[in-house]
Amino acid sequence: MKNLSIILLSVELVCLSACQNHSGEEPQKQSTPPQFSQNYEPPLFSERNRIQNIGEALRASHQYYSEAAAVHHLPGLVYGVVVDDSLVFFGAQGNSNLETGTPATEHSLFRIASMSKSFTAMAILKLRDEGKFSLSEPASTYIPELDQLTYLTGDTPPVSIFNLLTMTAGFPEDNPWGDRFLDISDEALMAQVAEGITFSTVSSLHYEYSNLGFGLLGHIISQVSDEPYQEYITNNILHPLGMMDTYWEYSDVPKELLAQGYRWEDEQWKVEPLLHDGAFGAMGGLITSIEDFSRYISFHLSAWPPGSDPESVPVKRSTLREMHRMNNPRYYTDPQRFGDHSVPIMRGYGFGLVAMKDYEGVVEVGHNGGLPGFGSSYMFYPQYGVGIMAFSNLTYVGGTVRTANYMVMKDLIRQGLFLPRELPVSDILEKRKEQVIKLLFSWDPELEKEIVAANLYLDISRETRINEAMELIKQLGDIVETGSVHPENQLRGSFLLKGSDQNLEVYFTLTPEAEPRVQWLSLELISGK
């Protein structure tokens with residue numbers, strides 16, 4: 001990747017914030033299916049044998065996990081890389097159970113803690129898509145105990161389902177308190193809510209990490225689906241994805257596969273008793289393997305790029321992309337992310353997922369997990385079709401395994417294999433490009449009628465545009481080549497007129513009319529051949 005620049009970062013990211021933030025209000029139901037283009041071509045990967053090449057390139061990457069395990073006293077560690085729908089790289093270090101000496105493998109089952117949150121969020125959105133409720137509804141519709149809350153201000157709106165999903169309810173950050181309540185009963189949770197919740201911030205204004213909020217979402221799933229949220233998620237998300245070896249209750253897990261949790265204390269490993277499943281499992285209770293979780297990452301990657309292929313279960317691709325959008329974005333610096341200590345990143349919370357975007361436009365989505373005895377992390381890159389995960393059975397080492405994950409990503413970057421999809425040139429953009437070239441050399445009035453938008457000569461006069469173009473073209477020398485269009489989207493792009501002396505970059509954008517016309521045209525002389 002090229003070096004990141006922060007000169008224009010503030011402007012770019014403020015625009016990003018405005019574009020990506022949304023209120024949680026539901027779109028109106030459409031009475032008829034929308035029409036879609038038969039000509040649209042989505043972005044595609046251009047490199048051959050991409051999946052195989054990435055898998056082969058990572059053969060030496062086991063070292064990063066070995067080093068992490070040794071330095072941070074990890075009893076066991078499992079990890080893997082997904083490319084599109086394939087688990088191309090995986091491995092294991094140490095033991096899933098020290099007492100029995102059981103080695104960790106890709107089949108070992110680890111509790112993944114808060115990585116469970118996106119499953120709960122997906123279940124909420126699935127029920128929303130089925131018309132069971134709106135995200136803007138007050139959560140008290142399904143949890144009457146919330147009606148008794150004492151808010152910080154009189155103008156605070158009631159906590160909504162959207163607030164719970166995005167951690168903007170105003171509840172206080174509750175790590176590690178919430179981690180010790182994994183096995184709380186639903187009745188006890190509702191009794192606790194009835195006693196009252198103390199707010200740390202005004203609702204709907206600020207993000208603050210809340211396990212409690214996701215515990216309440218689990219209750220809503222149970223109320224609306226009329227079955228325990230665990231059963232709903234298992235039957236409607238896990239099993240349809242083929243995740244047949246993913247569990248909620250540790251006593252249901254085959255003993256030879258279950259990872260025992262530990263903490264490192266007094267220069268030795270000490271057993272962390274496993275907590276049973278309960279109402280707080282919705283925030284962090286899932287137990288799974290690298291092999292099973294790879295299917296989940298592949299499903300998220302399948303949402304990109306948008307297309308017209310038939311939908312697959314368990315939720316729509318547009319719903320997955322909705323999960324990936326950041327809410328309440330804020331500046332953030334991460335010295336571990338690709339090794340840059342200075343460049344800010346825009347970071348926000350989606351639906352059960354953390355989303356980040358850097359100045360180069362690289363989007364990362366994922367989540368860490370941490371519970372007594374366990375630490376985990378996963379992230380995926382929608383534009384690149386790559387995801388990576390790691391689980392360990394040591395308390396709160398999500399950040400540690402995340403750092404190892406980043407080292408693997410750096411390997412791909414160094415080897416030139418971390419590449420995004422490329423957008424094909426749309427038919428109309430290619431057609432207008434050829435016509436713009438003719439326009440620059442002829443200024444034919446008949447051609448202008450066909451391709452020039454109403455505003456173009458009002459913004460800059462026709463005479464001025466002609467004079468500017470003629471002066472620049474003179475400096476090119478002989479025209480030796482016309483470059484291909486580099487599209488930004490379906491209706492905007494640039495190309496080079498290559499001359500014997502200099503080059504001319506031509507940038508143009510088209511209108512939203514049924515027959516798109518040129519609404520902006522800029523010319524820039526570029527030195528060099």
# chains A, B, ... in the order shown; residues from 1 in each chain; ligands from 1

$ residues_around --residues "Leu74 in chain A" --least-positions-apart "5" --cutoff "8 Å" --atoms "only C-alpha atoms" --output "MDAnalysis selection string"
chainID A and resid 68:69 94 392:394

$ write_last_selection --atoms "N, CA and C atoms" --output "PDB file, in the first residue's frame"
ATOM      1  N   ALA A  68       3.526 -14.792  19.228  1.00  0.00           N
ATOM      2  CA  ALA A  68       2.510 -14.267  20.143  1.00  0.00           C
ATOM      3  C   ALA A  68       2.244 -15.241  21.288  1.00  0.00           C
ATOM      4  N   ALA A  69       2.178 -16.535  20.960  1.00  0.00           N
ATOM      5  CA  ALA A  69       1.920 -17.544  21.983  1.00  0.00           C
ATOM      6  C   ALA A  69       3.046 -17.595  23.000  1.00  0.00           C
ATOM      7  N   GLY A  94      -0.005 -24.893  20.680  1.00  0.00           N
ATOM      8  CA  GLY A  94      -0.270 -25.233  22.069  1.00  0.00           C
ATOM      9  C   GLY A  94      -1.414 -26.192  22.273  1.00  0.00           C
ATOM     10  N   SER A 392      -7.942 -17.703  21.326  1.00  0.00           N
ATOM     11  CA  SER A 392      -7.034 -18.256  22.322  1.00  0.00           C
ATOM     12  C   SER A 392      -7.803 -18.538  23.610  1.00  0.00           C
ATOM     13  N   ASN A 393      -7.235 -19.412  24.447  1.00  0.00           N
ATOM     14  CA  ASN A 393      -7.875 -19.759  25.723  1.00  0.00           C
ATOM     15  C   ASN A 393      -7.112 -19.146  26.898  1.00  0.00           C
ATOM     16  N   LEU A 394      -6.833 -17.831  26.769  1.00  0.00           N
ATOM     17  CA  LEU A 394      -6.264 -17.043  27.851  1.00  0.00           C
ATOM     18  C   LEU A 394      -7.091 -15.772  28.004  1.00  0.00           C
TER      19      LEU A 394
END

$ residues_around --residues "Leu417 in chain A" --least-positions-apart "3" --cutoff "9 Å" --atoms "only C-alpha atoms" --output "JSON, numbers by chain"
{"A": [47, 50, 53, 54, 57, 411, 412, 413, 414]}

$ closest_residue --among "A:Gly178, A:Gly399, A:Pro329, A:Pro103" --to "Gly348 in chain A" --atoms "only C-alpha atoms"
A:Pro329

$ closest_residue --among "A:Asp309, A:Ile437, A:Leu77, A:Leu275" --to "Tyr65 in chain A" --atoms "only C-alpha atoms"
A:Leu77

$ atom_distance --atom1 "CA of Glu524 in chain A" --atom2 "CA of Leu472 in chain A"
8.2 Å

$ atom_distance --atom1 "CA of Arg330 in chain A" --atom2 "CA of Arg347 in chain A"
5.4 Å

$ select_by_dssp --residues "range 223-454 of chain A" --states "helix (DSSP H, G or I)" --output "PyMOL selection string"
chain A and resi 223-225+229-241+250-252+281-284+290-301+317-324+337-339+398-414+427-442+445-451

$ residues_around --residues "range 226-243 of chain A" --least-positions-apart "6" --cutoff "6 Å" --atoms "only C-alpha atoms" --output "NGL selection string"
:A and (218 or 292 or 314)

$ residues_around --residues "Ile112 in chain A" --least-positions-apart "2" --cutoff "7 Å" --atoms "only C-alpha atoms" --output "PyMOL selection string"
chain A and resi 110+114-116+284+286-287+369+375-376+391

$ closest_residue --among "A:Leu353, A:Val362, A:Leu109, A:Ile184" --to "Tyr378 in chain A" --atoms "only C-alpha atoms"
A:Leu353

$ residues_around --residues "Val88 in chain A" --least-positions-apart "6" --cutoff "6 Å" --atoms "only C-alpha atoms" --output "compact mmCIF listing (two decimals) with N, CA and C atoms, in the first residue's frame"
# COMPACT_ATOMS: atom_id res chain seq x y z
N GLY A 55 -3.10 -18.25 -0.41
CA GLY A 55 -2.84 -19.38 0.48
C GLY A 55 -1.37 -19.76 0.51
N VAL A 81 -7.22 -17.81 7.78
CA VAL A 81 -7.49 -16.75 6.81
C VAL A 81 -8.50 -17.27 5.79
N VAL A 82 -9.51 -16.47 5.53
CA VAL A 82 -10.55 -16.79 4.56
C VAL A 82 -10.38 -15.88 3.35

$ atom_distance --atom1 "CA of Val343 in chain A" --atom2 "CA of Tyr331 in chain A"
9.7 Å

$ residues_around --residues "Tyr381 in chain A" --least-positions-apart "5" --cutoff "7 Å" --atoms "only C-alpha atoms" --output "PyMOL selection string"
chain A and resi 363-365+386-387

$ write_last_selection --atoms "N, CA, C and O atoms" --output "compact mmCIF listing (two decimals), in the first residue's frame"
# COMPACT_ATOMS: atom_id res chain seq x y z
N VAL A 363 -11.61 -0.39 4.00
CA VAL A 363 -12.62 -0.64 5.04
C VAL A 363 -12.29 -1.95 5.75
O VAL A 363 -12.02 -2.97 5.10
N GLU A 364 -12.32 -1.91 7.06
CA GLU A 364 -12.13 -3.10 7.88
C GLU A 364 -13.34 -3.25 8.80
O GLU A 364 -13.79 -2.29 9.41
N VAL A 365 -13.87 -4.47 8.88
CA VAL A 365 -15.02 -4.76 9.73
C VAL A 365 -14.66 -5.96 10.60
O VAL A 365 -14.02 -6.91 10.12
N VAL A 386 -11.08 -10.70 1.84
CA VAL A 386 -10.18 -11.40 2.76
C VAL A 386 -10.66 -11.21 4.19
O VAL A 386 -11.06 -10.10 4.58
N GLY A 387 -10.63 -12.29 4.97
CA GLY A 387 -10.96 -12.23 6.39
C GLY A 387 -9.96 -13.03 7.19
O GLY A 387 -9.35 -13.98 6.66

$ select_by_dssp --residues "range 78-167 of chain A" --states "strand (DSSP E or B)" --output "list in words"
Val78, Tyr79, Gly80, Val81, Val82, Val83, Ser86, Leu87, Val88, Phe89, Phe90, Gly91, Ala92, Gln93, Gly94, Asn95, Ser96, Asn97, Thr102, Pro103, Leu109, Phe110, Arg111, Pro138 and Ser160 of chain A

$ residues_around --residues "Trp269 in chain A" --least-positions-apart "5" --cutoff "12 Å" --atoms "only C-alpha atoms" --output "list of chain:residue names"
A:His72, A:His73, A:Leu74, A:Pro75, A:Gly76, A:Asn97, A:Leu98, A:Glu99, A:Gln260, A:Gly261, A:Tyr262, A:Arg263, A:Trp264, A:Gly373, A:Asn393, A:Leu394, A:Thr395

$ closest_residue --among "A:Trp177, A:Phe508, A:Phe162, A:Tyr40" --to "Gly350 in chain A" --atoms "only C-alpha atoms"
A:Phe162

$ closest_residue --among "A:Phe90, A:Tyr247, A:Trp443, A:Phe495" --to "Ile526 in chain A" --atoms "only C-alpha atoms"
A:Phe495
